[in-house]
file query-v5.txt (compact mmCIF, C-alpha atoms)
# COMPACT_ATOMS: atom_id res chain seq x y z
CA MET Q 24 -52.54 108.63 -141.75
CA ILE Q 25 -49.36 108.13 -139.72
CA GLY Q 26 -46.37 109.21 -141.76
CA ARG Q 27 -48.42 110.44 -144.71
CA LEU Q 28 -48.61 114.04 -145.79
CA PRO Q 29 -52.09 115.13 -146.89
CA THR Q 30 -52.55 116.40 -150.43
CA LYS Q 31 -56.35 116.59 -150.24
CA VAL Q 32 -58.93 117.75 -147.73
CA ALA Q 33 -62.59 116.80 -147.44
CA VAL Q 34 -65.11 119.59 -147.92
CA GLY Q 35 -68.79 118.86 -148.47
CA ASP Q 36 -68.13 115.11 -148.60
CA ILE Q 37 -65.72 115.56 -151.53
CA GLU Q 38 -61.93 115.20 -151.44
CA TRP Q 39 -60.40 118.37 -152.88
CA ASP Q 40 -56.85 118.62 -154.23
CA ILE Q 41 -54.90 121.33 -152.44
CA ARG Q 42 -51.66 123.21 -152.90
CA THR Q 43 -49.32 121.95 -150.20
CA ASP Q 44 -46.00 123.61 -151.03
CA TYR Q 45 -44.82 125.84 -148.19
CA ARG Q 46 -44.45 128.79 -150.58
CA ASP Q 47 -48.18 128.70 -151.35
CA ILE Q 48 -49.05 128.72 -147.67
CA LEU Q 49 -46.66 131.58 -146.95
CA THR Q 50 -48.25 133.52 -149.83
CA ILE Q 51 -51.62 133.04 -148.11
CA PHE Q 52 -50.12 134.29 -144.84
CA CYS Q 53 -48.88 137.41 -146.65
CA ALA Q 54 -52.45 138.04 -147.82
CA PHE Q 55 -53.70 137.61 -144.24
CA ASN Q 56 -51.33 140.44 -143.23
CA ASP Q 57 -52.23 142.74 -146.13
CA PRO Q 58 -53.96 145.83 -144.70
CA GLU Q 59 -55.41 146.60 -148.14
CA LEU Q 60 -57.59 143.45 -148.02
CA ASN Q 61 -60.74 143.14 -145.93
CA THR Q 62 -61.59 139.88 -144.16
CA GLU Q 63 -63.76 138.53 -146.97
CA GLU Q 64 -61.05 139.25 -149.55
CA LYS Q 65 -58.45 137.50 -147.39
CA VAL Q 66 -60.65 134.40 -147.19
CA ILE Q 67 -61.18 134.39 -150.97
CA VAL Q 68 -57.43 134.76 -151.61
CA CYS Q 69 -56.79 131.88 -149.19
CA LEU Q 70 -59.33 129.61 -150.86
CA THR Q 71 -58.24 130.56 -154.38
CA ILE Q 72 -54.61 129.71 -153.66
CA PHE Q 73 -55.22 126.68 -151.45
CA TYR Q 74 -57.81 124.79 -153.51
CA ILE Q 75 -56.59 123.77 -156.96
CA ASP Q 76 -60.17 123.64 -158.29
CA PHE Q 77 -61.50 126.58 -156.29
CA ASP Q 78 -63.68 127.64 -159.22
CA LYS Q 79 -65.65 124.38 -158.80
CA LEU Q 80 -66.25 124.92 -155.08
CA ASN Q 81 -69.84 125.82 -154.24
CA PRO Q 82 -69.94 129.17 -152.36
CA SER Q 83 -72.13 127.51 -149.71
CA LEU Q 84 -69.02 125.48 -148.79
CA TYR Q 85 -66.61 128.42 -148.41
CA LYS Q 86 -66.86 128.48 -144.61
CA GLU Q 87 -66.13 124.76 -144.31
CA ALA Q 88 -63.39 125.04 -146.95
CA TYR Q 89 -61.76 127.86 -145.01
CA GLU Q 90 -61.91 125.88 -141.76
CA ARG Q 91 -60.25 122.92 -143.50
CA ALA Q 92 -57.53 125.21 -144.85
CA ILE Q 93 -56.84 126.50 -141.33
CA TRP Q 94 -56.76 122.88 -140.12
CA PHE Q 95 -54.11 122.16 -142.74
CA PHE Q 96 -52.07 125.27 -141.85
CA ASN Q 97 -52.11 124.05 -138.22
CA GLN Q 98 -50.77 120.65 -139.33
CA GLY Q 99 -53.93 118.69 -138.71
CA LYS Q 100 -55.00 120.37 -135.51
CA ASN Q 101 -58.17 122.35 -135.05
CA GLN Q 102 -57.60 126.02 -134.42
CA GLU Q 103 -57.75 126.98 -130.80
CA ASP Q 104 -59.42 130.30 -130.09
CA LYS Q 105 -56.52 131.94 -128.35
CA HIS Q 106 -55.66 135.58 -128.54
CA SER Q 107 -51.92 135.49 -128.06
CA PRO Q 108 -49.85 138.47 -129.15
CA LYS Q 109 -48.34 138.41 -132.62
CA LEU Q 110 -44.70 137.44 -132.26
CA LEU Q 111 -43.61 136.85 -135.83
CA ASP Q 112 -44.17 138.21 -139.30
CA TRP Q 113 -43.31 135.74 -142.04
CA GLU Q 114 -42.30 138.54 -144.42
CA GLN Q 115 -40.33 140.68 -141.98
CA ASP Q 116 -38.63 137.66 -140.39
CA GLU Q 117 -38.01 135.80 -143.66
CA SER Q 118 -34.20 135.92 -143.56
CA LEU Q 119 -34.09 134.89 -139.89
CA ILE Q 120 -36.56 132.05 -140.41
CA PHE Q 121 -34.92 130.61 -143.50
CA SER Q 122 -31.48 130.83 -141.96
CA GLU Q 123 -32.65 128.72 -139.02
CA VAL Q 124 -34.82 126.34 -141.08
CA ASN Q 125 -31.88 125.73 -143.42
CA LYS Q 126 -29.70 124.94 -140.42
CA VAL Q 127 -32.21 122.38 -139.12
CA ALA Q 128 -32.80 120.90 -142.61
CA GLY Q 129 -29.08 120.82 -143.42
CA MET Q 130 -29.75 122.39 -146.82
CA GLU Q 131 -31.06 125.48 -148.54
CA VAL Q 132 -34.79 124.68 -148.61
CA ARG Q 133 -35.59 127.53 -151.00
CA ASN Q 134 -33.61 125.69 -153.70
CA LEU Q 135 -35.99 122.74 -153.53
CA GLU Q 136 -38.65 122.64 -156.22
CA TYR Q 137 -41.22 121.44 -153.68
CA MET Q 138 -41.54 121.00 -149.94
CA HIS Q 139 -44.79 120.06 -148.19
CA TRP Q 140 -45.97 122.64 -145.67
CA TRP Q 141 -45.94 120.09 -142.83
CA THR Q 142 -42.33 119.15 -143.63
CA PHE Q 143 -41.36 122.81 -143.64
CA MET Q 144 -43.10 123.31 -140.31
CA GLY Q 145 -41.32 120.26 -138.91
CA TYR Q 146 -38.04 121.99 -139.67
CA TYR Q 147 -39.39 125.25 -138.30
CA MET Q 148 -40.43 123.58 -135.04
CA GLY Q 149 -36.91 122.16 -134.74
CA ILE Q 150 -35.34 125.61 -134.53
CA GLY Q 151 -33.26 125.80 -131.38
CA GLU Q 152 -31.28 128.51 -129.69
CA GLY Q 153 -30.08 131.25 -131.98
CA LEU Q 154 -30.78 134.74 -133.25
CA PHE Q 155 -34.37 134.01 -134.25
CA SER Q 156 -35.27 132.45 -130.90
CA GLU Q 157 -33.69 135.42 -129.11
CA VAL Q 158 -35.77 137.83 -131.20
CA LEU Q 159 -38.97 135.87 -130.46
CA ASN Q 160 -38.12 135.66 -126.76
CA ILE Q 161 -37.68 139.41 -126.46
CA ARG Q 162 -40.84 140.09 -128.49
CA SER Q 163 -42.75 137.75 -126.19
CA LYS Q 164 -41.48 139.41 -123.04
CA LYS Q 165 -42.23 142.88 -124.40
CA ALA Q 166 -45.73 141.84 -125.49
CA LYS Q 167 -46.43 140.48 -122.00
CA ASN Q 168 -44.82 143.51 -120.31
CA LYS Q 169 -42.22 141.29 -118.65
CA LYS Q 170 -38.93 142.72 -117.53
CA LEU Q 171 -35.98 142.12 -119.85
CA GLU Q 172 -32.72 140.84 -118.40
CA LYS Q 173 -29.70 143.15 -118.72
CA HIS Q 174 -28.26 141.24 -121.71
CA GLU Q 175 -31.70 141.27 -123.37
CA LYS Q 176 -32.00 145.03 -122.89
CA GLU Q 177 -28.59 145.48 -124.51
CA PHE Q 178 -29.50 143.15 -127.36
CA TYR Q 179 -32.80 144.98 -127.88
CA ALA Q 180 -31.10 148.39 -127.91
CA GLN Q 181 -28.67 147.16 -130.59
CA ASN Q 182 -31.31 145.32 -132.66
CA LYS Q 183 -34.51 147.33 -132.20
CA SER Q 184 -35.28 147.40 -135.93
CA LEU Q 185 -34.89 143.63 -136.12
CA ILE Q 186 -37.05 142.96 -133.07
CA ASP Q 187 -39.89 145.47 -133.35
CA LEU Q 188 -42.62 144.27 -135.69
CA LYS Q 189 -43.40 146.82 -138.36
CA ILE Q 190 -46.96 148.08 -138.43
CA LYS Q 191 -48.51 147.63 -141.85
CA LEU Q 192 -50.87 150.39 -142.85
CA SER Q 193 -53.29 150.53 -145.73
CA GLU Q 194 -52.85 153.34 -148.26
CA GLU Q 195 -55.81 155.09 -146.65
CA GLU Q 196 -54.19 154.85 -143.20
CA LYS Q 197 -50.86 156.08 -144.58
CA GLU Q 198 -52.59 159.11 -146.11
CA ALA Q 199 -54.40 159.87 -142.84
CA GLN Q 200 -51.12 159.59 -140.93
CA LYS Q 201 -49.40 161.91 -143.40
CA GLU Q 202 -52.20 164.47 -143.04
CA LEU Q 203 -51.96 164.29 -139.24
CA GLU Q 204 -48.18 164.76 -139.36
CA GLU Q 205 -48.59 167.80 -141.64
CA LEU Q 206 -51.24 169.20 -139.34
CA LEU Q 207 -48.93 168.77 -136.34
CA GLY Q 208 -45.91 170.12 -138.25
CA LEU Q 209 -43.93 166.91 -137.99
call {"tool": "encode", "arguments": {"input": "query-v5.txt", "output": "C-alpha cells"}}
result
Amino acid sequence: MIGRLPTKVAVGDIEWDIRTDYRDILTIFCAFNDPELNTEEKVIVCLTIFYIDFDKLNPSLYKEAYERAIWFFNQGKNQEDKHSPKLLDWEQDESLIFSEVNKVAGMEVRNLEYMHWWTFMGYYMGIGEGLFSEVLNIRSKKAKNKKLEKHEKEFYAQNKSLIDLKIKLSEEEKEAQKELEELLGL
C-alpha cells in the first residue's frame, strides 16, 4: 500500500467504497462537535457520510464500520486511547488552518474539486511556525497549567478570542444558562 491512498475499507470481509475528500471528513468532525447530537446520532452521521453505500451496511457491522472510519481519519493508524486536552476546533480554527495548509500546499486547496483526506493531513502536518502554531502552543500550555512566557502572555491578552476555544452548548443548555442568568440578575 506504499504510496497509495485508500478509497475503500474492509468491513465484514467486504471492501466498502468510502468518501475520502477532506471536506467530507471535516463535515463528520463538525457532527462530532455538535452538542445537539447524542453519541449514537454522531456515529450514524459519521457512517452515513463516510460509507457511500451505508444503506447496504448490516447494523451488526456498525461498530466495526465505525472503527474502520476512525482508522481512516487517523491515516491508517489505530486510535490510541489517550485523553489529551482538546487543542483545536476545525470550525473555529478554519481560517487559521486553511491559511497555513495553503502555505504548505502552495495553492488554495479549497479551490480544488477533490483532495484526499490523507493528502490534506499531509499538508496539515507540514505546518510550521506561524500564527496557528502559536495559538496551539498557548492552548496547550494553558490546558496543562504551564506558565506562559512574557511574550506569550502579551499575545494571549491581545488574542484571547482567537485562542480560547468556544464552548458549544445545546439549545437545552443555552436555555438553562439563560434561566440561571435571569435568576442571578445578570
call {"tool": "residues_around", "arguments": {"input": "query-v5.txt", "residues": "Arg133 (chain Q)", "least_positions_apart": "5", "cutoff": "9 Å", "atoms": "all atoms listed in the file", "output": "PDB file with C-alpha atoms, in the coordinates of the input"}}
result
ATOM      1  CA  ARG Q  46     -44.450 128.790-150.580  1.00  0.00           C
ATOM      2  CA  PHE Q 121     -34.920 130.610-143.500  1.00  0.00           C
ATOM      3  CA  ASN Q 125     -31.880 125.730-143.420  1.00  0.00           C
ATOM      4  CA  MET Q 138     -41.540 121.000-149.940  1.00  0.00           C
TER       5      MET Q 138
END
call {"tool": "closest_residue", "arguments": {"input": "query-v5.txt", "among": "Q:Glu157, Q:Asp116, Q:Asp44, Q:Glu38", "to": "Phe143 (chain Q)", "atoms": "all atoms listed in the file"}}
result
Q:Asp44
call {"tool": "atom_distance", "arguments": {"input": "query-v5.txt", "atom1": "CA of Arg42 (chain Q)", "atom2": "CA of Ala92 (chain Q)"}}
result
10.2 Å
call {"tool": "atom_distance", "arguments": {"input": "query-v5.txt", "atom1": "CA of Gly153 (chain Q)", "atom2": "CA of Lys126 (chain Q)"}}
result
10.5 Å
call {"tool": "atom_distance", "arguments": {"input": "query-v5.txt", "atom1": "CA of Val32 (chain Q)", "atom2": "CA of Trp113 (chain Q)"}}
result
24.5 Å
call {"tool": "closest_residue", "arguments": {"input": "query-v5.txt", "among": "Q:Leu110, Q:Ile150, Q:Val127, Q:Ile120", "to": "Ser163 (chain Q)", "atoms": "all atoms listed in the file"}}
result
Q:Leu110
call {"tool": "residues_around", "arguments": {"input": "query-v5.txt", "residues": "region 74-76 of chain Q", "least_positions_apart": "2", "cutoff": "8 Å", "atoms": "all atoms listed in the file", "output": "number ranges by chain"}}
result
Q: 39-42, 70-72, 78-80
call {"tool": "write_last_selection", "arguments": {"input": "query-v5.txt", "atoms": "C-alpha atoms", "output": "PDB file, keeping the file's coordinate frame"}}
result
ATOM      1  CA  TRP Q  39     -60.400 118.370-152.880  1.00  0.00           C
ATOM      2  CA  ASP Q  40     -56.850 118.620-154.230  1.00  0.00           C
ATOM      3  CA  ILE Q  41     -54.900 121.330-152.440  1.00  0.00           C
ATOM      4  CA  ARG Q  42     -51.660 123.210-152.900  1.00  0.00           C
ATOM      5  CA  LEU Q  70     -59.330 129.610-150.860  1.00  0.00           C
ATOM      6  CA  THR Q  71     -58.240 130.560-154.380  1.00  0.00           C
ATOM      7  CA  ILE Q  72     -54.610 129.710-153.660  1.00  0.00           C
ATOM      8  CA  ASP Q  78     -63.680 127.640-159.220  1.00  0.00           C
ATOM      9  CA  LYS Q  79     -65.650 124.380-158.800  1.00  0.00           C
ATOM     10  CA  LEU Q  80     -66.250 124.920-155.080  1.00  0.00           C
TER      11      LEU Q  80
END
call {"tool": "residues_around", "arguments": {"input": "query-v5.txt", "residues": "region 183-188 of chain Q", "least_positions_apart": "4", "cutoff": "9 Å", "atoms": "all atoms listed in the file", "output": "PyMOL selection string"}}
result
chain Q and resi 109-112+115-116+158-159+161-162+178-179
call {"tool": "residues_near_point", "arguments": {"input": "query-v5.txt", "point": "(-64.5, 122.3, -142.7)", "cutoff": "12 Å", "atoms": "all atoms listed in the file", "output": "PyMOL selection string"}}
result
chain Q and resi 32-39+83-95+99+101-102
call {"tool": "residues_around", "arguments": {"input": "query-v5.txt", "residues": "Leu49 (chain Q)", "least_positions_apart": "3", "cutoff": "10 Å", "atoms": "all atoms listed in the file", "output": "ChimeraX atom specification"}}
result
/Q:44-46,52-55,96,113-114,140
call {"tool": "decode", "arguments": {"input": "query-v5.txt", "residues": "region 86-114 of chain Q", "atoms": "N, CA, C and O atoms", "output": "tab-separated table (two decimals), in the first residue's frame"}}
result
chain	number	residue	atom	x	y	z
Q	86	LYS	N	-20.38	-1.17	14.49
Q	86	LYS	CA	-19.23	-0.95	15.38
Q	86	LYS	C	-17.91	-1.10	14.60
Q	86	LYS	O	-17.04	-0.24	14.68
Q	87	GLU	N	-17.80	-2.18	13.85
Q	87	GLU	CA	-16.59	-2.39	13.05
Q	87	GLU	C	-16.44	-1.29	12.00
Q	87	GLU	O	-15.33	-0.79	11.77
Q	88	ALA	N	-17.55	-0.90	11.38
Q	88	ALA	CA	-17.51	0.15	10.36
Q	88	ALA	C	-17.04	1.47	10.96
Q	88	ALA	O	-16.25	2.21	10.36
Q	89	TYR	N	-17.49	1.75	12.17
Q	89	TYR	CA	-17.07	2.98	12.85
Q	89	TYR	C	-15.58	2.93	13.19
Q	89	TYR	O	-14.85	3.91	12.98
Q	90	GLU	N	-15.12	1.79	13.67
Q	90	GLU	CA	-13.69	1.64	13.97
Q	90	GLU	C	-12.83	1.82	12.73
Q	90	GLU	O	-11.76	2.42	12.79
Q	91	ARG	N	-13.30	1.31	11.59
Q	91	ARG	CA	-12.56	1.47	10.34
Q	91	ARG	C	-12.57	2.93	9.88
Q	91	ARG	O	-11.58	3.40	9.30
Q	92	ALA	N	-13.66	3.63	10.13
Q	92	ALA	CA	-13.71	5.05	9.79
Q	92	ALA	C	-12.68	5.82	10.63
Q	92	ALA	O	-11.92	6.64	10.09
Q	93	ILE	N	-12.63	5.53	11.91
Q	93	ILE	CA	-11.66	6.19	12.79
Q	93	ILE	C	-10.24	5.85	12.35
Q	93	ILE	O	-9.35	6.72	12.33
Q	94	TRP	N	-10.00	4.62	11.94
Q	94	TRP	CA	-8.70	4.22	11.40
Q	94	TRP	C	-8.34	5.11	10.21
Q	94	TRP	O	-7.22	5.59	10.09
Q	95	PHE	N	-9.31	5.31	9.32
Q	95	PHE	CA	-9.07	6.15	8.15
Q	95	PHE	C	-8.78	7.59	8.56
Q	95	PHE	O	-7.86	8.21	8.04
Q	96	PHE	N	-9.57	8.13	9.48
Q	96	PHE	CA	-9.37	9.52	9.93
Q	96	PHE	C	-7.97	9.70	10.50
Q	96	PHE	O	-7.37	10.76	10.37
Q	97	ASN	N	-7.45	8.65	11.14
Q	97	ASN	CA	-6.11	8.67	11.73
Q	97	ASN	C	-5.03	8.24	10.76
Q	97	ASN	O	-3.93	7.87	11.17
Q	98	GLN	N	-5.34	8.28	9.47
Q	98	GLN	CA	-4.41	7.97	8.39
Q	98	GLN	C	-3.77	6.60	8.52
Q	98	GLN	O	-2.55	6.44	8.38
Q	99	GLY	N	-4.61	5.62	8.77
Q	99	GLY	CA	-4.15	4.24	8.78
Q	99	GLY	C	-3.55	3.77	10.09
Q	99	GLY	O	-2.93	2.72	10.14
Q	100	LYS	N	-3.76	4.54	11.13
Q	100	LYS	CA	-3.26	4.13	12.45
Q	100	LYS	C	-4.46	3.83	13.33
Q	100	LYS	O	-5.49	4.50	13.25
Q	101	ASN	N	-4.30	2.84	14.19
Q	101	ASN	CA	-5.36	2.55	15.15
Q	101	ASN	C	-5.40	3.63	16.20
Q	101	ASN	O	-4.36	4.17	16.59
Q	102	GLN	N	-6.61	3.94	16.64
Q	102	GLN	CA	-6.78	5.01	17.62
Q	102	GLN	C	-6.17	4.61	18.96
Q	102	GLN	O	-6.44	3.53	19.47
Q	103	GLU	N	-5.36	5.49	19.47
Q	103	GLU	CA	-4.81	5.27	20.80
Q	103	GLU	C	-5.78	5.86	21.80
Q	103	GLU	O	-6.37	6.90	21.56
Q	104	ASP	N	-5.95	5.18	22.92
Q	104	ASP	CA	-6.88	5.66	23.94
Q	104	ASP	C	-6.15	6.67	24.82
Q	104	ASP	O	-5.68	6.35	25.90
Q	105	LYS	N	-6.05	7.88	24.32
Q	105	LYS	CA	-5.38	8.91	25.10
Q	105	LYS	C	-6.39	10.04	25.33
Q	105	LYS	O	-7.20	10.37	24.47
Q	106	HIS	N	-6.32	10.59	26.50
Q	106	HIS	CA	-7.25	11.64	26.87
Q	106	HIS	C	-6.50	12.96	26.95
Q	106	HIS	O	-6.34	13.53	28.02
Q	107	SER	N	-6.02	13.42	25.81
Q	107	SER	CA	-5.32	14.69	25.79
Q	107	SER	C	-6.34	15.81	25.66
Q	107	SER	O	-7.44	15.63	25.12
Q	108	PRO	N	-6.00	16.99	26.14
Q	108	PRO	CA	-6.95	18.10	26.08
Q	108	PRO	C	-7.22	18.51	24.63
Q	108	PRO	O	-6.36	18.37	23.75
Q	109	LYS	N	-8.40	19.00	24.40
Q	109	LYS	CA	-8.77	19.47	23.06
Q	109	LYS	C	-8.01	20.77	22.79
Q	109	LYS	O	-8.11	21.72	23.56
Q	110	LEU	N	-7.27	20.79	21.70
Q	110	LEU	CA	-6.47	21.96	21.38
Q	110	LEU	C	-6.94	22.68	20.13
Q	110	LEU	O	-6.53	23.82	19.88
Q	111	LEU	N	-7.77	22.02	19.32
Q	111	LEU	CA	-8.23	22.69	18.12
Q	111	LEU	C	-9.68	22.37	17.84
Q	111	LEU	O	-10.20	21.35	18.28
Q	112	ASP	N	-10.31	23.28	17.16
Q	112	ASP	CA	-11.70	23.12	16.73
Q	112	ASP	C	-11.69	23.43	15.24
Q	112	ASP	O	-11.39	24.56	14.83
Q	113	TRP	N	-11.98	22.43	14.42
Q	113	TRP	CA	-11.89	22.59	12.97
Q	113	TRP	C	-12.75	23.74	12.46
Q	113	TRP	O	-12.37	24.43	11.51
Q	114	GLU	N	-13.90	23.97	13.09
Q	114	GLU	CA	-14.76	25.07	12.65
Q	114	GLU	C	-14.21	26.41	13.12
Q	114	GLU	O	-14.08	27.34	12.33
